[in-house]
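Next comes target20.cif, a file with mmCIF, C-alpha atoms.
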data_coords
loop_
_atom_site.group_PDB
_atom_site.id
_atom_site.type_symbol
_atom_site.label_atom_id
_atom_site.label_comp_id
_atom_site.auth_asym_id
_atom_site.auth_seq_id
_atom_site.Cartn_x
_atom_site.Cartn_y
_atom_site.Cartn_z
ATOM 1 C CA MET A 1 -31.654 31.089 -28.798
ATOM 2 C CA ARG A 2 -30.139 28.968 -25.976
ATOM 3 C CA GLU A 3 -28.481 30.674 -23.110
ATOM 4 C CA HIS A 4 -25.006 29.468 -22.346
ATOM 5 C CA LYS A 5 -24.322 28.860 -18.678
ATOM 6 C CA GLU A 6 -20.884 29.929 -17.624
ATOM 7 C CA THR A 7 -19.052 27.375 -15.557
ATOM 8 C CA ASP A 8 -16.753 28.076 -12.661
ATOM 9 C CA PRO A 9 -13.161 27.695 -13.976
ATOM 10 C CA VAL A 10 -11.945 26.564 -10.552
ATOM 11 C CA GLN A 11 -14.593 23.815 -10.445
ATOM 12 C CA ASP A 12 -13.707 22.768 -14.029
ATOM 13 C CA ASP A 13 -10.034 22.608 -13.027
ATOM 14 C CA ILE A 14 -10.837 20.473 -9.970
ATOM 15 C CA GLU A 15 -13.036 18.160 -12.058
ATOM 16 C CA ALA A 16 -10.293 17.715 -14.679
ATOM 17 C CA ALA A 17 -7.709 17.025 -11.951
ATOM 18 C CA THR A 18 -10.069 14.576 -10.229
ATOM 19 C CA ARG A 19 -10.620 12.662 -13.490
ATOM 20 C CA ALA A 20 -6.854 12.562 -14.148
ATOM 21 C CA VAL A 21 -6.099 11.279 -10.625
ATOM 22 C CA LEU A 22 -8.887 8.669 -10.828
ATOM 23 C CA THR A 23 -7.499 7.444 -14.149
ATOM 24 C CA ALA A 24 -3.964 7.346 -12.721
ATOM 25 C CA SER A 25 -5.189 5.471 -9.637
ATOM 26 C CA ARG A 26 -6.856 2.906 -11.903
ATOM 27 C CA LEU A 27 -3.528 2.457 -13.718
ATOM 28 C CA LEU A 28 -1.630 2.135 -10.424
ATOM 29 C CA VAL A 29 -4.097 -0.461 -9.132
ATOM 30 C CA ALA A 30 -3.651 -2.431 -12.361
ATOM 31 C CA LEU A 31 0.145 -2.248 -12.032
ATOM 32 C CA SER A 32 -0.089 -3.373 -8.395
ATOM 33 C CA ALA A 33 -2.405 -6.239 -9.331
ATOM 34 C CA ARG A 34 0.016 -7.403 -12.022
ATOM 35 C CA SER A 35 2.872 -7.299 -9.520
ATOM 36 C CA LEU A 36 0.861 -9.634 -7.267
ATOM 37 C CA ALA A 37 -0.027 -12.001 -10.116
ATOM 38 C CA THR A 38 2.688 -14.545 -9.354
ATOM 39 C CA VAL A 39 1.560 -14.961 -5.738
ATOM 40 C CA GLU A 40 -2.188 -14.335 -5.996
ATOM 41 C CA ASP A 41 -2.939 -18.058 -6.110
ATOM 42 C CA SER A 42 -1.397 -18.459 -2.664
ATOM 43 C CA ILE A 43 -2.218 -15.143 -0.950
ATOM 44 C CA THR A 44 -4.907 -12.490 -1.254
ATOM 45 C CA LEU A 45 -4.396 -8.728 -1.439
ATOM 46 C CA PRO A 46 -5.461 -8.271 2.230
ATOM 47 C CA GLN A 47 -3.020 -11.008 3.257
ATOM 48 C CA PHE A 48 -0.276 -9.277 1.267
ATOM 49 C CA ARG A 49 -1.114 -6.010 3.059
ATOM 50 C CA MET A 50 -0.574 -7.872 6.339
ATOM 51 C CA LEU A 51 2.829 -9.067 5.152
ATOM 52 C CA VAL A 52 3.758 -5.504 4.165
ATOM 53 C CA VAL A 53 2.805 -4.163 7.611
ATOM 54 C CA LEU A 54 4.955 -6.805 9.311
ATOM 55 C CA SER A 55 7.781 -6.148 6.862
ATOM 56 C CA THR A 56 7.674 -2.434 7.632
ATOM 57 C CA HIS A 57 6.970 -2.465 11.370
ATOM 58 C CA GLY A 58 8.498 -5.763 12.470
ATOM 59 C CA PRO A 59 6.947 -8.351 14.806
ATOM 60 C CA ALA A 60 3.539 -7.457 16.239
ATOM 61 C CA LYS A 61 0.745 -8.710 18.444
ATOM 62 C CA LEU A 62 -2.485 -9.742 16.735
ATOM 63 C CA VAL A 63 -4.519 -6.784 18.050
ATOM 64 C CA ALA A 64 -1.919 -4.254 16.883
ATOM 65 C CA LEU A 65 -1.778 -5.930 13.471
ATOM 66 C CA ALA A 66 -5.578 -5.864 13.170
ATOM 67 C CA ASP A 67 -5.547 -2.156 14.093
ATOM 68 C CA HIS A 68 -2.950 -1.398 11.403
ATOM 69 C CA LEU A 69 -5.101 -3.162 8.825
ATOM 70 C CA GLY A 70 -8.407 -1.740 10.036
ATOM 71 C CA VAL A 71 -9.953 -5.191 10.530
ATOM 72 C CA GLN A 72 -11.419 -7.095 13.455
ATOM 73 C CA PRO A 73 -8.988 -9.315 15.400
ATOM 74 C CA SER A 74 -11.002 -12.388 14.365
ATOM 75 C CA THR A 75 -10.508 -11.495 10.688
ATOM 76 C CA ALA A 76 -6.810 -10.867 11.279
ATOM 77 C CA MET A 77 -6.530 -14.239 13.075
ATOM 78 C CA ARG A 78 -7.979 -16.103 10.068
ATOM 79 C CA MET A 79 -5.514 -14.300 7.784
ATOM 80 C CA VAL A 80 -2.636 -15.111 10.146
ATOM 81 C CA ASP A 81 -3.606 -18.792 10.287
ATOM 82 C CA ARG A 82 -3.588 -19.012 6.472
ATOM 83 C CA LEU A 83 -0.266 -17.192 6.188
ATOM 84 C CA ILE A 84 1.314 -19.435 8.830
ATOM 85 C CA ALA A 85 0.013 -22.494 6.966
ATOM 86 C CA SER A 86 1.580 -21.046 3.784
ATOM 87 C CA GLY A 87 4.931 -20.645 5.533
ATOM 88 C CA LEU A 88 4.944 -16.851 5.190
ATOM 89 C CA MET A 89 4.455 -15.956 8.867
ATOM 90 C CA ARG A 90 5.298 -17.436 12.244
ATOM 91 C CA ARG A 91 3.790 -17.202 15.694
ATOM 92 C CA ARG A 92 5.909 -17.376 18.848
ATOM 93 C CA THR A 93 5.670 -16.539 22.504
ATOM 94 C CA ASN A 94 6.976 -13.066 23.279
ATOM 95 C CA PRO A 95 10.238 -13.634 25.191
ATOM 96 C CA ASP A 96 9.604 -10.466 27.263
ATOM 97 C CA ASN A 97 6.052 -11.448 28.236
ATOM 98 C CA ARG A 98 5.208 -15.156 28.055
ATOM 99 C CA ARG A 99 1.453 -14.364 28.033
ATOM 100 C CA GLU A 100 1.745 -12.596 24.659
ATOM 101 C CA THR A 101 2.062 -14.080 21.215
ATOM 102 C CA GLU A 102 4.220 -12.305 18.649
ATOM 103 C CA LEU A 103 3.656 -12.548 14.897
ATOM 104 C CA SER A 104 6.456 -12.087 12.385
ATOM 105 C CA LEU A 105 7.455 -12.836 8.804
ATOM 106 C CA THR A 106 9.410 -15.898 7.841
ATOM 107 C CA GLU A 107 12.286 -15.558 5.383
ATOM 108 C CA GLU A 108 9.870 -16.680 2.660
ATOM 109 C CA GLY A 109 7.359 -14.007 3.724
ATOM 110 C CA SER A 110 10.050 -11.330 3.527
ATOM 111 C CA ARG A 111 11.086 -12.604 0.098
ATOM 112 C CA VAL A 112 7.487 -12.413 -1.167
ATOM 113 C CA VAL A 113 7.155 -8.774 -0.031
ATOM 114 C CA GLN A 114 10.493 -7.862 -1.632
ATOM 115 C CA ASP A 115 9.667 -9.662 -4.899
ATOM 116 C CA VAL A 116 6.207 -8.130 -5.274
ATOM 117 C CA THR A 117 7.541 -4.673 -4.409
ATOM 118 C CA ALA A 118 10.349 -5.071 -6.970
ATOM 119 C CA ARG A 119 7.856 -6.154 -9.657
ATOM 120 C CA ARG A 120 5.584 -3.181 -8.888
ATOM 121 C CA ARG A 121 8.583 -0.846 -9.084
ATOM 122 C CA ALA A 122 9.597 -2.362 -12.444
ATOM 123 C CA GLU A 123 6.044 -1.976 -13.819
ATOM 124 C CA ILE A 124 5.930 1.687 -12.779
ATOM 125 C CA THR A 125 9.433 2.315 -14.162
ATOM 126 C CA ALA A 126 8.409 0.835 -17.531
ATOM 127 C CA VAL A 127 5.493 3.276 -17.779
ATOM 128 C CA LEU A 128 7.657 6.228 -16.725
ATOM 129 C CA ARG A 129 10.306 5.387 -19.346
ATOM 130 C CA ARG A 130 7.659 6.048 -22.020
ATOM 131 C CA LEU A 131 7.389 9.673 -20.870
ATOM 132 C CA GLU A 132 9.688 12.399 -22.106
ATOM 133 C CA PRO A 133 12.126 13.625 -19.399
ATOM 134 C CA ALA A 134 10.361 17.013 -19.151
ATOM 135 C CA ARG A 135 7.016 15.247 -18.574
ATOM 136 C CA ARG A 136 8.592 13.034 -15.893
ATOM 137 C CA SER A 137 9.918 16.123 -14.093
ATOM 138 C CA ALA A 138 6.504 17.769 -14.267
ATOM 139 C CA LEU A 139 4.917 14.558 -12.971
ATOM 140 C CA VAL A 140 7.321 14.408 -10.008
ATOM 141 C CA GLU A 141 6.540 18.016 -9.139
ATOM 142 C CA ALA A 142 2.780 17.474 -9.430
ATOM 143 C CA LEU A 143 2.794 14.221 -7.469
ATOM 144 C CA ASP A 144 5.009 15.696 -4.744
ATOM 145 C CA ALA A 145 2.486 18.528 -4.345
ATOM 146 C CA PHE A 146 -0.454 16.073 -4.415
ATOM 147 C CA ASN A 147 1.193 13.833 -1.807
ATOM 148 C CA ALA A 148 1.988 16.819 0.415
ATOM 149 C CA ALA A 149 -1.631 18.028 0.167
ATOM 150 C CA GLY A 150 -2.751 14.544 1.205
ATOM 151 C CA GLN A 151 -0.137 14.448 3.996
ATOM 152 C CA GLU A 152 1.434 11.281 2.581
ATOM 153 C CA LEU A 153 5.027 10.686 3.599
ATOM 154 C CA PRO A 154 7.508 9.987 0.794
ATOM 155 C CA VAL A 155 8.512 6.456 -0.125
ATOM 156 C CA ASP A 156 12.103 5.562 0.683
ATOM 157 C CA GLU A 157 14.619 4.207 -1.823
ATOM 158 C CA GLY A 158 13.538 0.649 -0.989
ATOM 159 C CA GLY A 159 10.021 1.379 -2.168
ATOM 160 C CA MET A 160 8.228 1.772 1.158
ATOM 161 C CA GLY A 161 7.639 4.630 3.542
ATOM 162 C CA PRO A 162 7.379 4.366 7.298
ATOM 163 C CA HIS A 163 3.637 3.653 7.048
ATOM 164 C CA PRO A 164 2.735 1.629 3.946
ATOM 165 C CA LEU A 165 -0.288 2.456 1.844
ATOM 166 C CA GLY A 166 -1.136 5.554 3.848
ATOM 167 C CA TRP A 167 -2.043 3.760 7.064
ATOM 168 C CA THR A 168 -1.699 5.773 10.213
ATOM 169 C CA ASP A 169 0.121 4.367 13.195
ATOM 170 C CA PRO A 170 -2.625 3.453 15.699
ATOM 171 C CA VAL A 171 -0.177 3.773 18.587
ATOM 172 C CA ASP A 172 0.775 7.409 18.094
ATOM 173 C CA GLY A 173 -1.618 8.542 15.324
ATOM 174 C CA THR A 174 1.189 9.561 12.960
ATOM 175 C CA ARG A 175 1.338 8.752 9.292
#
When written as structure tokens, how does the structure in this file appear?
Amino acid sequence: MREHKETDPVQDDIEAATRAVLTASRLLVALSARSLATVEDSITLPQFRMLVVLSTHGPAKLVALADHLGVQPSTAMRMVDRLIASGLMRRRTNPDNRRETELSLTEEGSRVVQDVTARRRAEITAVLRRLEPARRSALVEALDAFNAAGQELPVDEGGMGPHPLGWTDPVDGTR
């Protein structure tokens, strides 16, 4: 006769929650990828992340932008050069300090961020509409608790929080 090992119910609960979150994250990545589909021929996901940082934080110096993205300044410079060539970013001398160069979005760059964000929001909304209202409420409660446990700030009505995609602010260390 085989002995049955009892499992720890807390560990089983954590494993089930981990699997559910991993599956949900796979869905969210797929929805995000589809929202980028119309621009992915012209910009990469890392380049889009750069546009989002500039959209959220405003004009920045190259080193600060590289810090926000967690990349080397040389990598950020190559991304900037491609985005400038695509007409999505601009480089100008900082009017307050002529030795510094400031990077910012063009109107087209801002439009790309807004369009992709709107498409992602529409994709997520379409999935949520397939849930019963009670399930949506339970999902909001569960995700609010999950986000709080992960110290993620809420997204504003426009679809972005103060620090997009969970990046901390390298200047003051806040999220």
Distance query region 49-59 of chain A at most 6 Å, all atoms listed in the file, self and fewer than 3 positions along chain excluded, as number ranges by chain: A: 46, 103-104
At a cut-off of 12 Å, using all atoms listed in the file, what residues contact Leu45 (chain A)? Leave out same-chain residues fewer than 4 positions from it and give the result as an NGL selection string. :A and (29 or 32-37 or 39-41 or 49-52 or 69 or 79 or 113 or 116)
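CA of Ala66 (chain A) to CA of Arg119 (chain A) spans 26.5 Å [interatomic distance, one decimal].
Between Ile43 (chain A) and the candidates A:Arg92, A:Arg82, A:His68, A:Arg98, the tightest atom-to-atom separation, counting all atoms listed in the file, involves A:Arg82.
Proximity to Val155 (chain A) was assessed for A:Arg121, A:Ala30, A:Ala134, A:Thr75 counting all atoms listed in the file; the smallest distance is recorded for A:Arg121.
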Would you compute, for all listed atoms of region 38-50 of chain A, the axis-aligned bounding box grown by 8 Å on each side, and then report its centre and edge lengths in Å rounded to one decimal, as lines of an AutoDock Vina configuration file?
center_x = -1.4
center_y = -12.2
center_z = -1.5
size_x = 24.1
size_y = 28.4
size_z = 31.7
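When all atoms listed in the file are used to measure the gap to Arg78 (chain A), the shortest distance among A:Leu62, A:Ala17, A:Asp156, A:Thr38 belongs to A:Leu62.
When all atoms listed in the file are used to measure the gap to Asn97 (chain A), the shortest distance among A:Ala76, A:Lys61, A:Val21, A:Arg130 belongs to A:Lys61.
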Would you work out the distance separating CA of Pro133 (chain A) from CA of Ala149 (chain A), expressed in Å to one decimal? 24.3 Å
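Residue nearest Ala126 (chain A) within the list A:Leu31, A:Ala142, A:Val112, A:Ile84: A:Leu31 [criterion: smallest interatomic distance, all atoms listed in the file].
Using all atoms listed in the file, the shortest contact distance between Ser86 (chain A) and any of A:Ser42, A:Val71, A:Arg99, A:Ala118 is found at A:Ser42.
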Atom-to-atom span, CA of Asp144 (chain A) and CA of Ser110 (chain A), Å: 28.7 Å
Starting from the incomplete input, reconstruct all heavy atoms of region 55-66 of chain A and write that as a short mmCIF file (atom, residue, chain, number, x, y, z; two decimals), in the coordinates of the input.
data_model
loop_
_atom_site.label_atom_id
_atom_site.label_comp_id
_atom_site.auth_asym_id
_atom_site.auth_seq_id
_atom_site.Cartn_x
_atom_site.Cartn_y
_atom_site.Cartn_z
N SER A 55 6.48 -6.44 7.47
CA SER A 55 7.78 -6.15 6.86
C SER A 55 8.25 -4.76 7.26
O SER A 55 9.43 -4.54 7.51
CB SER A 55 7.67 -6.26 5.34
OG SER A 55 8.87 -5.87 4.72
N THR A 56 7.34 -3.82 7.33
CA THR A 56 7.67 -2.43 7.63
C THR A 56 7.85 -2.19 9.12
O THR A 56 8.78 -1.49 9.53
CB THR A 56 6.57 -1.50 7.09
OG1 THR A 56 6.40 -1.76 5.70
CG2 THR A 56 6.95 -0.04 7.26
N HIS A 57 6.98 -2.76 9.94
CA HIS A 57 6.97 -2.46 11.37
C HIS A 57 7.64 -3.53 12.23
O HIS A 57 7.87 -3.29 13.41
CB HIS A 57 5.53 -2.28 11.86
CG HIS A 57 4.88 -1.07 11.30
ND1 HIS A 57 5.14 0.20 11.75
CD2 HIS A 57 3.97 -0.93 10.31
CE1 HIS A 57 4.43 1.06 11.06
NE2 HIS A 57 3.71 0.41 10.18
N GLY A 58 7.91 -4.69 11.68
CA GLY A 58 8.50 -5.76 12.47
C GLY A 58 7.44 -6.56 13.22
O GLY A 58 6.25 -6.37 13.01
N PRO A 59 7.88 -7.48 14.08
CA PRO A 59 6.95 -8.35 14.81
C PRO A 59 5.87 -7.56 15.54
O PRO A 59 6.11 -6.44 16.02
CB PRO A 59 7.84 -9.09 15.79
CG PRO A 59 9.19 -9.07 15.15
CD PRO A 59 9.27 -7.74 14.44
N ALA A 60 4.67 -8.15 15.61
CA ALA A 60 3.54 -7.46 16.24
C ALA A 60 2.61 -8.45 16.91
O ALA A 60 2.59 -9.64 16.58
CB ALA A 60 2.77 -6.67 15.18
N LYS A 61 1.82 -7.92 17.85
CA LYS A 61 0.74 -8.71 18.44
C LYS A 61 -0.45 -8.66 17.50
O LYS A 61 -0.58 -7.73 16.69
CB LYS A 61 0.36 -8.14 19.81
CG LYS A 61 1.46 -8.29 20.85
CD LYS A 61 1.02 -7.80 22.20
CE LYS A 61 1.17 -6.29 22.22
NZ LYS A 61 0.88 -5.69 23.51
N LEU A 62 -1.33 -9.64 17.62
CA LEU A 62 -2.48 -9.74 16.74
C LEU A 62 -3.35 -8.48 16.77
O LEU A 62 -3.74 -7.97 15.72
CB LEU A 62 -3.33 -10.97 17.10
CG LEU A 62 -4.58 -11.15 16.24
CD1 LEU A 62 -4.20 -11.54 14.82
CD2 LEU A 62 -5.50 -12.18 16.85
N VAL A 63 -3.64 -7.95 17.94
CA VAL A 63 -4.52 -6.78 18.05
C VAL A 63 -3.89 -5.57 17.36
O VAL A 63 -4.58 -4.84 16.65
CB VAL A 63 -4.85 -6.49 19.53
CG1 VAL A 63 -5.61 -5.18 19.68
CG2 VAL A 63 -5.66 -7.63 20.13
N ALA A 64 -2.59 -5.38 17.54
CA ALA A 64 -1.92 -4.25 16.88
C ALA A 64 -1.95 -4.42 15.36
O ALA A 64 -2.16 -3.46 14.62
CB ALA A 64 -0.49 -4.13 17.38
N LEU A 65 -1.75 -5.65 14.91
CA LEU A 65 -1.78 -5.93 13.47
C LEU A 65 -3.17 -5.67 12.90
O LEU A 65 -3.32 -5.05 11.84
CB LEU A 65 -1.35 -7.38 13.24
CG LEU A 65 -0.99 -7.81 11.84
CD1 LEU A 65 0.05 -6.91 11.21
CD2 LEU A 65 -0.50 -9.25 11.87
N ALA A 66 -4.20 -6.11 13.60
CA ALA A 66 -5.58 -5.86 13.17
C ALA A 66 -5.86 -4.36 13.10
O ALA A 66 -6.49 -3.89 12.15
CB ALA A 66 -6.56 -6.56 14.11
#
